[in-house]
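start-v6.txt, holding compact mmCIF, C-alpha atoms:
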# COMPACT_ATOMS: atom_id res chain seq x y z
CA MET X 11 66.12 -169.62 -9.96
CA ALA X 12 68.65 -169.05 -7.18
CA ASN X 13 69.88 -165.60 -8.25
CA ALA X 14 66.59 -164.23 -9.54
CA VAL X 15 66.31 -160.50 -8.86
CA ILE X 16 62.74 -160.51 -10.20
CA ARG X 17 60.54 -163.56 -9.78
CA ILE X 18 56.95 -163.50 -11.01
CA GLU X 19 54.45 -166.31 -10.50
CA ASN X 20 50.98 -166.53 -12.05
CA LEU X 21 50.65 -162.74 -12.23
CA THR X 22 47.25 -161.60 -13.49
CA LYS X 23 45.61 -158.20 -13.65
CA VAL X 24 41.95 -157.76 -14.56
CA TYR X 25 40.59 -154.24 -14.94
CA LYS X 26 36.98 -154.11 -13.86
CA GLY X 27 34.72 -152.47 -16.40
CA GLU X 28 32.64 -149.43 -15.70
CA LEU X 29 28.89 -149.80 -15.33
CA GLY X 30 27.66 -151.87 -18.27
CA GLN X 31 31.19 -152.54 -19.56
CA LYS X 32 33.03 -155.86 -19.60
CA SER X 33 36.15 -156.43 -17.55
CA VAL X 34 39.45 -156.26 -19.43
CA VAL X 35 42.34 -158.65 -18.87
CA GLY X 36 45.51 -156.55 -18.86
CA LEU X 37 47.85 -159.39 -17.92
CA GLU X 38 47.27 -163.13 -17.70
CA ASP X 39 49.24 -165.76 -15.79
CA LEU X 40 52.68 -164.21 -16.26
CA ARG X 41 55.59 -166.32 -15.04
CA LEU X 42 59.05 -164.85 -15.35
CA ASP X 43 62.48 -164.78 -13.71
CA VAL X 44 65.15 -162.13 -14.30
CA GLU X 45 68.65 -163.04 -13.20
CA GLU X 46 71.14 -160.92 -11.30
CA GLY X 47 73.22 -158.72 -13.63
CA GLU X 48 70.93 -159.35 -16.59
CA VAL X 49 69.47 -156.85 -19.07
CA TYR X 50 65.97 -158.07 -19.90
CA ALA X 51 63.92 -156.40 -22.66
CA PHE X 52 60.14 -156.68 -22.34
CA LEU X 53 58.59 -156.23 -25.78
CA GLY X 54 55.13 -156.03 -27.25
CA PRO X 55 52.77 -153.80 -29.23
CA ASN X 56 50.74 -151.04 -27.61
CA GLY X 57 48.21 -152.49 -25.19
CA ALA X 58 50.06 -155.79 -24.76
CA GLY X 59 50.48 -155.32 -21.00
CA LYS X 60 54.05 -154.02 -20.69
CA THR X 61 53.22 -150.96 -18.59
CA THR X 62 50.70 -152.95 -16.54
CA THR X 63 53.49 -155.40 -15.66
CA ILE X 64 55.87 -152.61 -14.69
CA LYS X 65 53.25 -150.89 -12.53
CA LEU X 66 52.61 -154.20 -10.78
CA LEU X 67 56.34 -154.63 -10.18
CA THR X 68 56.60 -151.16 -8.66
CA ARG X 69 53.37 -151.42 -6.61
CA LEU X 70 51.60 -148.68 -8.55
CA LEU X 71 48.98 -151.34 -9.29
CA TYR X 72 47.93 -154.37 -7.29
CA PRO X 73 47.48 -157.76 -8.96
CA THR X 74 44.19 -159.62 -9.24
CA ARG X 75 46.22 -162.71 -8.39
CA GLY X 76 49.81 -163.89 -8.41
CA LYS X 77 52.98 -162.93 -6.56
CA ILE X 78 56.13 -160.91 -7.23
CA TRP X 79 59.48 -161.20 -5.49
CA ILE X 80 62.05 -158.38 -5.79
CA LEU X 81 65.57 -159.16 -4.58
CA GLY X 82 64.25 -162.16 -2.69
CA ARG X 83 61.42 -160.32 -0.92
CA LEU X 84 57.74 -160.09 -1.75
CA ASN X 85 57.20 -156.72 -3.36
CA THR X 86 54.41 -156.00 -0.88
CA THR X 87 57.13 -155.05 1.63
CA ARG X 88 58.76 -151.62 1.82
CA GLU X 89 62.18 -153.22 2.09
CA SER X 90 61.81 -154.80 -1.37
CA MET X 91 61.62 -151.35 -3.01
CA LYS X 92 64.61 -149.85 -1.20
CA HIS X 93 67.11 -150.94 -3.84
CA VAL X 94 64.94 -150.35 -6.92
CA GLY X 95 65.18 -147.46 -9.37
CA TYR X 96 62.19 -146.68 -11.60
CA LEU X 97 61.70 -144.55 -14.70
CA PRO X 98 58.06 -144.25 -15.86
CA GLU X 99 57.15 -143.92 -19.52
CA GLN X 100 56.25 -140.24 -19.12
CA PRO X 101 58.12 -138.70 -16.16
CA ASN X 102 55.88 -136.15 -14.44
CA LEU X 103 58.41 -134.00 -12.60
CA TYR X 104 58.02 -130.85 -10.51
CA GLY X 105 58.35 -128.00 -12.98
CA TYR X 106 58.92 -125.33 -10.33
CA LEU X 107 62.14 -127.01 -9.14
CA THR X 108 65.52 -127.00 -10.83
CA GLY X 109 67.05 -130.27 -11.90
CA VAL X 110 69.44 -130.19 -8.94
CA GLU X 111 66.66 -129.37 -6.46
CA PHE X 112 64.54 -132.24 -7.76
CA LEU X 113 67.37 -134.78 -7.53
CA ASP X 114 68.21 -133.50 -4.03
CA PHE X 115 64.57 -133.99 -3.02
CA ILE X 116 64.59 -137.60 -4.27
CA ALA X 117 67.96 -138.27 -2.61
CA ARG X 118 66.58 -137.03 0.73
CA ILE X 119 63.71 -139.51 0.46
CA PHE X 120 66.33 -142.28 0.34
CA GLY X 121 68.07 -140.80 3.37
CA LEU X 122 71.34 -139.83 1.67
CA ASP X 123 73.56 -137.41 3.59
CA ALA X 124 74.47 -133.96 2.25
CA GLY X 125 77.93 -134.91 1.00
CA THR X 126 76.71 -138.00 -0.83
CA ARG X 127 73.80 -136.07 -2.35
CA LYS X 128 76.03 -133.35 -3.77
CA THR X 129 78.57 -135.76 -5.23
CA ARG X 130 76.02 -138.17 -6.67
CA ILE X 131 73.83 -135.45 -8.22
CA GLY X 132 76.80 -133.92 -10.05
CA ASP X 133 77.91 -137.33 -11.27
CA LEU X 134 74.46 -138.35 -12.47
CA LEU X 135 73.80 -135.09 -14.32
CA HIS X 136 77.05 -135.70 -16.19
CA ARG X 137 76.24 -139.35 -16.91
CA VAL X 138 72.81 -138.59 -18.38
CA GLY X 139 74.05 -135.66 -20.48
CA LEU X 140 72.66 -132.76 -18.42
CA SER X 141 75.91 -131.14 -17.30
CA GLY X 142 75.33 -127.38 -17.06
CA LYS X 143 71.54 -127.83 -17.09
CA GLY X 144 71.03 -128.69 -13.42
CA LYS X 145 70.17 -125.14 -12.32
CA GLN X 146 67.48 -124.67 -14.98
CA LEU X 147 63.84 -124.94 -13.96
CA ILE X 148 62.40 -128.27 -15.00
CA ARG X 149 59.51 -126.52 -16.74
CA SER X 150 62.04 -125.26 -19.29
CA TYR X 151 63.30 -128.78 -20.11
CA SER X 152 62.56 -130.42 -23.44
CA ARG X 153 60.92 -133.85 -23.55
CA GLY X 154 64.31 -135.47 -24.06
CA MET X 155 65.83 -133.55 -21.15
CA LEU X 156 62.97 -134.69 -18.91
CA GLN X 157 63.73 -138.27 -19.89
CA ARG X 158 67.39 -137.78 -19.02
CA LEU X 159 66.51 -136.24 -15.65
CA GLY X 160 64.08 -139.09 -15.03
CA MET X 161 66.92 -141.55 -15.59
CA ALA X 162 69.10 -139.62 -13.13
CA GLN X 163 66.42 -139.83 -10.41
CA ALA X 164 66.03 -143.57 -11.08
CA LEU X 165 69.76 -143.97 -10.32
CA ILE X 166 69.97 -141.63 -7.32
CA ASN X 167 69.80 -144.46 -4.76
CA ASP X 168 72.41 -146.56 -6.61
CA PRO X 169 69.82 -149.31 -7.14
CA ALA X 170 70.57 -152.99 -7.61
CA LEU X 171 67.52 -153.25 -9.91
CA LEU X 172 66.54 -150.66 -12.50
CA ILE X 173 63.01 -150.81 -13.98
CA LEU X 174 62.53 -148.64 -17.08
CA ASP X 175 59.29 -148.12 -19.01
CA GLU X 176 60.04 -147.13 -22.64
CA PRO X 177 63.26 -145.33 -21.61
CA MET X 178 64.28 -144.31 -25.15
CA SER X 179 60.92 -143.35 -26.65
CA ALA X 180 61.37 -139.56 -26.25
CA LEU X 181 65.02 -139.39 -27.27
CA ASP X 182 66.70 -138.36 -30.50
CA PRO X 183 69.32 -140.70 -32.07
CA ILE X 184 72.12 -139.17 -29.95
CA GLY X 185 70.08 -139.57 -26.78
CA ARG X 186 69.20 -143.17 -27.62
CA LYS X 187 72.88 -143.99 -28.12
CA ASP X 188 73.72 -142.28 -24.80
CA PHE X 189 71.08 -144.38 -23.01
CA ARG X 190 72.25 -147.59 -24.68
CA ASP X 191 75.81 -146.85 -23.59
CA LEU X 192 74.62 -146.07 -20.06
CA ILE X 193 72.67 -149.34 -19.85
CA LEU X 194 75.74 -151.29 -20.96
CA GLU X 195 77.87 -149.37 -18.42
CA LEU X 196 75.40 -150.21 -15.66
CA LYS X 197 75.44 -153.85 -16.72
CA LYS X 198 79.23 -153.90 -16.29
CA GLY X 199 78.59 -152.62 -12.77
CA LYS X 200 76.47 -155.74 -12.11
CA LYS X 201 73.15 -153.87 -12.15
CA THR X 202 70.02 -155.78 -13.17
CA ILE X 203 67.91 -153.92 -15.73
CA PHE X 204 64.34 -154.69 -16.76
CA PHE X 205 62.97 -152.41 -19.47
CA SER X 206 60.06 -152.28 -21.85
CA SER X 207 60.49 -150.97 -25.38
CA HIS X 208 58.98 -150.86 -28.83
CA ILE X 209 62.30 -149.77 -30.38
CA LEU X 210 63.46 -153.24 -31.36
CA SER X 211 66.90 -152.27 -32.66
CA ASP X 212 67.81 -150.73 -29.30
CA ALA X 213 66.54 -153.77 -27.42
CA GLU X 214 68.60 -156.05 -29.65
CA MET X 215 71.78 -154.07 -28.99
CA VAL X 216 71.71 -154.10 -25.19
CA SER X 217 69.62 -157.02 -23.93
CA ASP X 218 70.76 -160.44 -22.76
CA ARG X 219 67.26 -161.88 -22.95
CA VAL X 220 63.94 -160.70 -24.34
CA GLY X 221 60.32 -161.50 -23.68
CA ILE X 222 57.50 -160.87 -26.14
CA LEU X 223 54.09 -160.05 -24.74
CA LYS X 224 50.91 -160.30 -26.80
CA GLU X 225 47.41 -159.50 -25.52
CA GLY X 226 48.53 -159.85 -21.92
CA ARG X 227 50.30 -163.19 -22.34
CA LEU X 228 54.02 -163.92 -22.59
CA ILE X 229 54.41 -165.82 -25.85
CA HIS X 230 58.22 -165.99 -26.08
CA THR X 231 61.17 -165.50 -23.77
CA GLY X 232 64.82 -166.43 -24.08
CA LYS X 233 68.26 -165.39 -25.25
CA LEU X 234 68.36 -163.64 -28.61
CA ASP X 235 70.48 -166.29 -30.33
CA GLU X 236 68.12 -168.97 -29.12
CA LEU X 237 65.09 -167.10 -30.41
CA VAL X 238 66.31 -165.84 -33.78
CA GLY X 239 69.09 -168.35 -34.48
CA SER X 240 72.69 -167.65 -35.47
CA GLN X 241 72.55 -169.00 -39.02
CA ALA X 242 72.09 -166.74 -42.06
CA SER X 243 68.51 -166.69 -43.33
CA SER X 244 69.44 -164.96 -46.60
CA ILE X 245 72.39 -163.50 -48.51
CA GLU X 246 72.51 -159.97 -49.86
CA VAL X 247 74.60 -159.48 -53.01
CA THR X 248 75.41 -155.99 -54.32
CA PHE X 249 77.09 -155.21 -57.66
CA THR X 250 77.27 -152.61 -60.41
CA PHE X 251 76.74 -153.07 -64.14
CA GLU X 252 76.96 -151.10 -67.34
CA PRO X 253 73.67 -149.59 -68.59
CA GLY X 254 71.82 -151.99 -70.88
CA ALA X 255 74.10 -154.89 -69.99
CA PHE X 256 71.20 -157.20 -69.15
CA PRO X 257 67.52 -157.14 -68.20
CA PRO X 258 66.54 -158.03 -64.62
CA SER X 259 65.21 -161.40 -65.75
CA ASP X 260 68.77 -162.49 -66.58
CA LEU X 261 69.65 -162.51 -62.90
CA GLY X 262 67.46 -165.51 -62.24
CA VAL X 263 66.15 -163.94 -59.00
CA THR X 264 62.91 -162.23 -58.08
CA ASP X 265 64.11 -160.14 -55.11
CA ALA X 266 66.16 -157.31 -56.69
CA LEU X 267 66.48 -153.58 -56.03
CA PHE X 268 67.88 -151.29 -58.77
CA GLN X 269 69.36 -147.85 -58.12
CA ASP X 270 71.13 -146.18 -61.05
CA ARG X 271 73.94 -148.63 -61.94
CA LYS X 272 73.82 -150.48 -58.63
CA VAL X 273 71.82 -153.63 -58.01
CA MET X 274 71.12 -155.38 -54.71
CA VAL X 275 69.66 -158.88 -54.81
CA ARG X 276 68.74 -161.24 -52.03
CA ILE X 277 68.87 -165.01 -52.22
CA HIS X 278 67.72 -167.48 -49.61
CA ARG X 279 69.87 -170.52 -50.38
CA GLU X 280 73.65 -170.51 -50.08
CA GLU X 281 73.97 -173.05 -52.89
CA ASP X 282 72.51 -170.49 -55.33
CA LEU X 283 75.35 -168.01 -54.67
CA PRO X 284 78.03 -169.40 -57.10
CA ASP X 285 75.56 -169.41 -60.01
CA LEU X 286 74.48 -165.83 -59.26
CA ILE X 287 78.07 -164.61 -59.13
CA HIS X 288 78.79 -166.42 -62.42
CA ARG X 289 75.82 -164.67 -64.09
CA ILE X 290 77.02 -161.28 -62.81
CA GLU X 291 80.58 -161.79 -64.05
CA ALA X 292 79.41 -163.13 -67.41
CA LYS X 293 77.59 -159.83 -67.99
CA GLN X 294 80.65 -157.77 -66.96
CA GLY X 295 79.08 -156.80 -63.67
CA ARG X 296 81.39 -155.75 -60.81
CA LEU X 297 80.74 -157.46 -57.49
CA LEU X 298 80.71 -155.02 -54.52
CA SER X 299 79.67 -157.12 -51.53
CA VAL X 300 78.26 -160.44 -50.35
CA VAL X 301 76.62 -160.14 -46.93
CA PRO X 302 75.00 -163.05 -45.04
CA LEU X 303 71.93 -161.83 -43.16
CA LYS X 304 70.59 -163.60 -40.10
CA LYS X 305 67.08 -163.23 -38.79
CA ASN X 306 66.84 -160.32 -36.35
CA LEU X 307 64.58 -159.39 -33.47
CA GLU X 308 62.23 -157.44 -35.72
CA ASP X 309 61.69 -160.50 -37.93
CA LEU X 310 60.83 -162.60 -34.88
CA PHE X 311 58.61 -159.90 -33.38
CA MET X 312 56.60 -159.38 -36.57
CA ALA X 313 56.16 -163.11 -37.09
CA GLU X 314 54.97 -163.70 -33.53
CA ILE X 315 52.69 -160.68 -33.30
CA GLY X 316 51.11 -161.73 -36.59
CA ARG X 317 51.45 -158.62 -38.70
Would you encode the structure as structure tokens?
Amino acid sequence: MANAVIRIENLTKVYKGELGQKSVVGLEDLRLDVEEGEVYAFLGPNGAGKTTTIKLLTRLLYPTRGKIWILGRLNTTRESMKHVGYLPEQPNLYGYLTGVEFLDFIARIFGLDAGTRKTRIGDLLHRVGLSGKGKQLIRSYSRGMLQRLGMAQALINDPALLILDEPMSALDPIGRKDFRDLILELKKGKKTIFFSSHILSDAEMVSDRVGILKEGRLIHTGKLDELVGSQASSIEVTFTFEPGAFPPSDLGVTDALFQDRKVMVRIHREEDLPDLIHRIEAKQGRLLSVVPLKKNLEDLFMAEIGR
């Protein structure tokens, strides 16, 4: 792939067992390309190999075999990491520093001058929702604040590639929305983002492509519409009725949810819809909504993982 920012060939990681223990395959024969400007979600249950892959990408682990190219260079070179930002699953930051001091320390590692450091640190604290918190000691930060600061340090070098390991796992709903918005903003700025997640709804909102990892092997990868389809898999019909108007069996469906005077039913064939609506109207029911439902990422994930 000509514009691949990440290129992985035959990547395998085997963890040698302790004395008397068998070796464990953490990742097996992974082949993957991530295009420039793409948001790629790397999904899988716990222990599937997501973090192993990310640690191999960032040289925190070394592969048993296989090769990785980052921005056209083998990731064994220092130059390949110069334009990469990384957020680990659990950021372990220096608690005795303030947020500003920590970001300044990271910026110095990348060789940024004093003026650039000051401007960029202020901008990043604002972008990750830590305005006014930069002079607090990191040891006083909540788990969500640490995650936000970790994202700021991942962006301090204005990276072309951002690698994020479970970036939204420690965040409340507001924080998750902030991070989703930030990822989409970075995408508009032509950044390439590779992130792992087990929060499928977030992955579905922001990703261009997804990959599903199971027991160290990539079992699916592609664009969401290609994987889940764009056609409705069922139709959800909601209506109200007068008490005692009819028993559930009169609906002619088996998938029904009753709540006070409201009923929600789900049918799986579009041709059954006119008859259902006729039955509802014949019993003086009042139709509230008809909503086509297409298969989503969670449906695909559960089917492929086998639960």
### Message
Counting only C-alpha atoms, find residues at most 10 Å from (73.1, -151.7, -19.1) (file frame) and give them as a PyMOL selection string.
### Response
chain X and resi 47-50+172+189-204+216-218
### Given all atoms listed in the file as the counted atoms, nearest of X:Ala162, X:Leu140, X:Ile131, X:Leu237 to Ile222 in chain X
X:Leu237
### Query
Any idea what the distance is between CA of Gly139 in chain X and CA of Glu308 in chain X?
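CA of Gly139 in chain X sits 29.1 Å away from CA of Glu308 in chain X.
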Edge lengths and centre in Å to one decimal, as lines of an AutoDock Vina configuration file, of the axis-aligned box that encloses all listed atoms of range 202-210 of chain X with 5 Å added on every side?
center_x = 64.5
center_y = -152.8
center_z = -22.3
size_x = 21.0
size_y = 16.0
size_z = 28.2
### Task
Give me, please, the distance in Å between CA of Leu21 in chain X and CA of Thr62 in chain X, quoted to one decimal.
10.7 Å
### Message
Between CA of Arg219 in chain X and CA of Val15 in chain X, what distance in Å does the model show, to one decimal?
### Response
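Going from CA of Arg219 in chain X over to CA of Val15 in chain X, I get 14.2 Å.
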### Message
Which polymer residues, whether protein, DNA or RNA, lie within 9 Å of the coordinate (46.0, -159.6, -16.5) when you count all atoms listed in the file? List them as a PyMOL selection string, using the chain letters and numbers from the file.
### Response
chain X and resi 21-25+34-40+59+62-63+73-75+226-227
### Task
Would you mind listing what lies within 8 Å of range 64-72 of chain X as JSON, numbers by chain, with all atoms listed in the file counted and same-chain residues fewer than 5 positions away left out?
{"X": [23, 78, 85, 86, 91, 96, 173, 175]}
### Query
In terms of the shortest atom-to-atom distance over all atoms listed in the file, which of X:Phe205, X:Leu297, X:Arg137, X:Pro169 is closest to Gly185 in chain X?
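For Gly185 in chain X, the nearest of the given residues is X:Arg137.
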#### Entry: Selection near Leu303 in chain X, 7 Å with all atoms listed in the file, sequence-local residues under 2 positions removed, as number ranges by chain
X: 242-246, 301, 305
### Summary
Min atom-atom distance to Arg149 in chain X from the set X:Gly82, X:Gly105, X:Pro98, X:Pro302, counting only C-alpha atoms, belongs to X:Gly105
### Message
At a cut-off of 9 Å, using all atoms listed in the file, what residues contact range 112-115 of chain X? Leave out same-chain residues fewer than 3 positions from it and give the result as a ChimeraX atom specification.
### Response
/X:103-104,107-109,118-119,124,127-128,131,148,159,162-163,166
I need range 58-147 of chain X written out with C-alpha atoms, as a PDB file, in the first residue's frame; please produce it.
ATOM      1  CA  ALA X  58      -6.591 -11.130  22.377  1.00  0.00           C
ATOM      2  CA  GLY X  59      -3.232  -9.452  21.709  1.00  0.00           C
ATOM      3  CA  LYS X  60      -4.177  -5.780  21.285  1.00  0.00           C
ATOM      4  CA  THR X  61      -1.689  -4.400  23.809  1.00  0.00           C
ATOM      5  CA  THR X  62       0.987  -6.824  22.608  1.00  0.00           C
ATOM      6  CA  THR X  63       0.572  -5.414  19.090  1.00  0.00           C
ATOM      7  CA  ILE X  64       0.794  -1.831  20.312  1.00  0.00           C
ATOM      8  CA  LYS X  65       3.906  -2.551  22.384  1.00  0.00           C
ATOM      9  CA  LEU X  66       5.503  -4.133  19.323  1.00  0.00           C
ATOM     10  CA  LEU X  67       4.626  -1.066  17.256  1.00  0.00           C
ATOM     11  CA  THR X  68       6.200   1.251  19.820  1.00  0.00           C
ATOM     12  CA  ARG X  69       9.284  -0.947  20.434  1.00  0.00           C
ATOM     13  CA  LEU X  70       8.370  -1.691  24.047  1.00  0.00           C
ATOM     14  CA  LEU X  71       8.459  -5.340  22.984  1.00  0.00           C
ATOM     15  CA  TYR X  72      10.463  -7.063  20.275  1.00  0.00           C
ATOM     16  CA  PRO X  73       8.830  -9.536  17.890  1.00  0.00           C
ATOM     17  CA  THR X  74       9.649 -13.224  17.701  1.00  0.00           C
ATOM     18  CA  ARG X  75       9.438 -12.753  13.935  1.00  0.00           C
ATOM     19  CA  GLY X  76       7.983 -10.346  11.419  1.00  0.00           C
ATOM     20  CA  LYS X  77       8.579  -6.720  10.492  1.00  0.00           C
ATOM     21  CA  ILE X  78       6.943  -3.342  11.124  1.00  0.00           C
ATOM     22  CA  TRP X  79       7.272  -0.186   9.053  1.00  0.00           C
ATOM     23  CA  ILE X  80       6.258   3.192  10.535  1.00  0.00           C
ATOM     24  CA  LEU X  81       5.993   6.099   8.094  1.00  0.00           C
ATOM     25  CA  GLY X  82       7.997   4.142   5.547  1.00  0.00           C
ATOM     26  CA  ARG X  83      10.837   3.189   7.912  1.00  0.00           C
ATOM     27  CA  LEU X  84      11.463   0.003   9.836  1.00  0.00           C
ATOM     28  CA  ASN X  85      10.445   0.674  13.412  1.00  0.00           C
ATOM     29  CA  THR X  86      13.831  -0.562  14.602  1.00  0.00           C
ATOM     30  CA  THR X  87      15.213   2.883  13.694  1.00  0.00           C
ATOM     31  CA  ARG X  88      15.045   5.921  15.975  1.00  0.00           C
ATOM     32  CA  GLU X  89      13.886   8.078  13.090  1.00  0.00           C
ATOM     33  CA  SER X  90      10.709   5.997  12.696  1.00  0.00           C
ATOM     34  CA  MET X  91       9.526   6.993  16.195  1.00  0.00           C
ATOM     35  CA  LYS X  92      10.204  10.718  15.837  1.00  0.00           C
ATOM     36  CA  HIS X  93       6.743  11.496  14.477  1.00  0.00           C
ATOM     37  CA  VAL X  94       4.756   9.064  16.641  1.00  0.00           C
ATOM     38  CA  GLY X  95       2.630   9.904  19.673  1.00  0.00           C
ATOM     39  CA  TYR X  96       1.748   7.136  22.136  1.00  0.00           C
ATOM     40  CA  LEU X  97      -0.772   6.826  24.965  1.00  0.00           C
ATOM     41  CA  PRO X  98      -0.458   3.602  27.020  1.00  0.00           C
ATOM     42  CA  GLU X  99      -3.475   1.926  28.573  1.00  0.00           C
ATOM     43  CA  GLN X 100      -2.477   3.046  32.079  1.00  0.00           C
ATOM     44  CA  PRO X 101      -0.322   6.201  31.928  1.00  0.00           C
ATOM     45  CA  ASN X 102       2.305   6.061  34.685  1.00  0.00           C
ATOM     46  CA  LEU X 103       3.227   9.728  35.064  1.00  0.00           C
ATOM     47  CA  TYR X 104       5.553  11.509  37.485  1.00  0.00           C
ATOM     48  CA  GLY X 105       3.368  12.406  40.446  1.00  0.00           C
ATOM     49  CA  TYR X 106       5.816  14.928  41.908  1.00  0.00           C
ATOM     50  CA  LEU X 107       5.571  17.153  38.814  1.00  0.00           C
ATOM     51  CA  THR X 108       2.747  19.462  37.832  1.00  0.00           C
ATOM     52  CA  GLY X 109       0.928  18.868  34.583  1.00  0.00           C
ATOM     53  CA  VAL X 110       2.778  21.762  32.940  1.00  0.00           C
ATOM     54  CA  GLU X 111       6.172  20.575  34.219  1.00  0.00           C
ATOM     55  CA  PHE X 112       5.544  17.074  32.896  1.00  0.00           C
ATOM     56  CA  LEU X 113       4.500  18.282  29.439  1.00  0.00           C
ATOM     57  CA  ASP X 114       7.514  20.615  29.362  1.00  0.00           C
ATOM     58  CA  PHE X 115       9.776  17.675  30.200  1.00  0.00           C
ATOM     59  CA  ILE X 116       8.326  15.604  27.324  1.00  0.00           C
ATOM     60  CA  ALA X 117       8.555  18.571  24.941  1.00  0.00           C
ATOM     61  CA  ARG X 118      12.252  19.003  25.789  1.00  0.00           C
ATOM     62  CA  ILE X 119      12.879  15.365  24.870  1.00  0.00           C
ATOM     63  CA  PHE X 120      11.572  16.189  21.392  1.00  0.00           C
ATOM     64  CA  GLY X 121      13.833  19.234  21.224  1.00  0.00           C
ATOM     65  CA  LEU X 122      11.112  21.898  21.128  1.00  0.00           C
ATOM     66  CA  ASP X 123      12.248  25.459  21.863  1.00  0.00           C
ATOM     67  CA  ALA X 124      10.942  27.453  24.842  1.00  0.00           C
ATOM     68  CA  GLY X 125       8.413  29.504  22.875  1.00  0.00           C
ATOM     69  CA  THR X 126       6.940  26.483  21.115  1.00  0.00           C
ATOM     70  CA  ARG X 127       6.780  24.531  24.378  1.00  0.00           C
ATOM     71  CA  LYS X 128       4.845  27.255  26.186  1.00  0.00           C
ATOM     72  CA  THR X 129       2.349  27.789  23.369  1.00  0.00           C
ATOM     73  CA  ARG X 130       1.787  24.104  22.666  1.00  0.00           C
ATOM     74  CA  ILE X 131       1.390  23.123  26.334  1.00  0.00           C
ATOM     75  CA  GLY X 132      -1.296  25.759  26.884  1.00  0.00           C
ATOM     76  CA  ASP X 133      -3.107  24.708  23.727  1.00  0.00           C
ATOM     77  CA  LEU X 134      -3.001  21.008  24.557  1.00  0.00           C
ATOM     78  CA  LEU X 135      -4.206  21.465  28.143  1.00  0.00           C
ATOM     79  CA  HIS X 136      -7.199  23.314  26.706  1.00  0.00           C
ATOM     80  CA  ARG X 137      -7.846  20.694  24.024  1.00  0.00           C
ATOM     81  CA  VAL X 138      -7.868  17.782  26.469  1.00  0.00           C
ATOM     82  CA  GLY X 139     -10.042  19.573  29.033  1.00  0.00           C
ATOM     83  CA  LEU X 140      -7.388  20.407  31.648  1.00  0.00           C
ATOM     84  CA  SER X 141      -7.446  24.196  31.449  1.00  0.00           C
ATOM     85  CA  GLY X 142      -6.711  25.573  34.927  1.00  0.00           C
ATOM     86  CA  LYS X 143      -5.353  22.214  36.113  1.00  0.00           C
ATOM     87  CA  GLY X 144      -1.837  22.463  34.682  1.00  0.00           C
ATOM     88  CA  LYS X 145      -0.226  23.766  37.890  1.00  0.00           C
ATOM     89  CA  GLN X 146      -1.635  20.967  40.062  1.00  0.00           C
ATOM     90  CA  LEU X 147       0.648  18.120  41.093  1.00  0.00           C
TER      91      LEU X 147
END
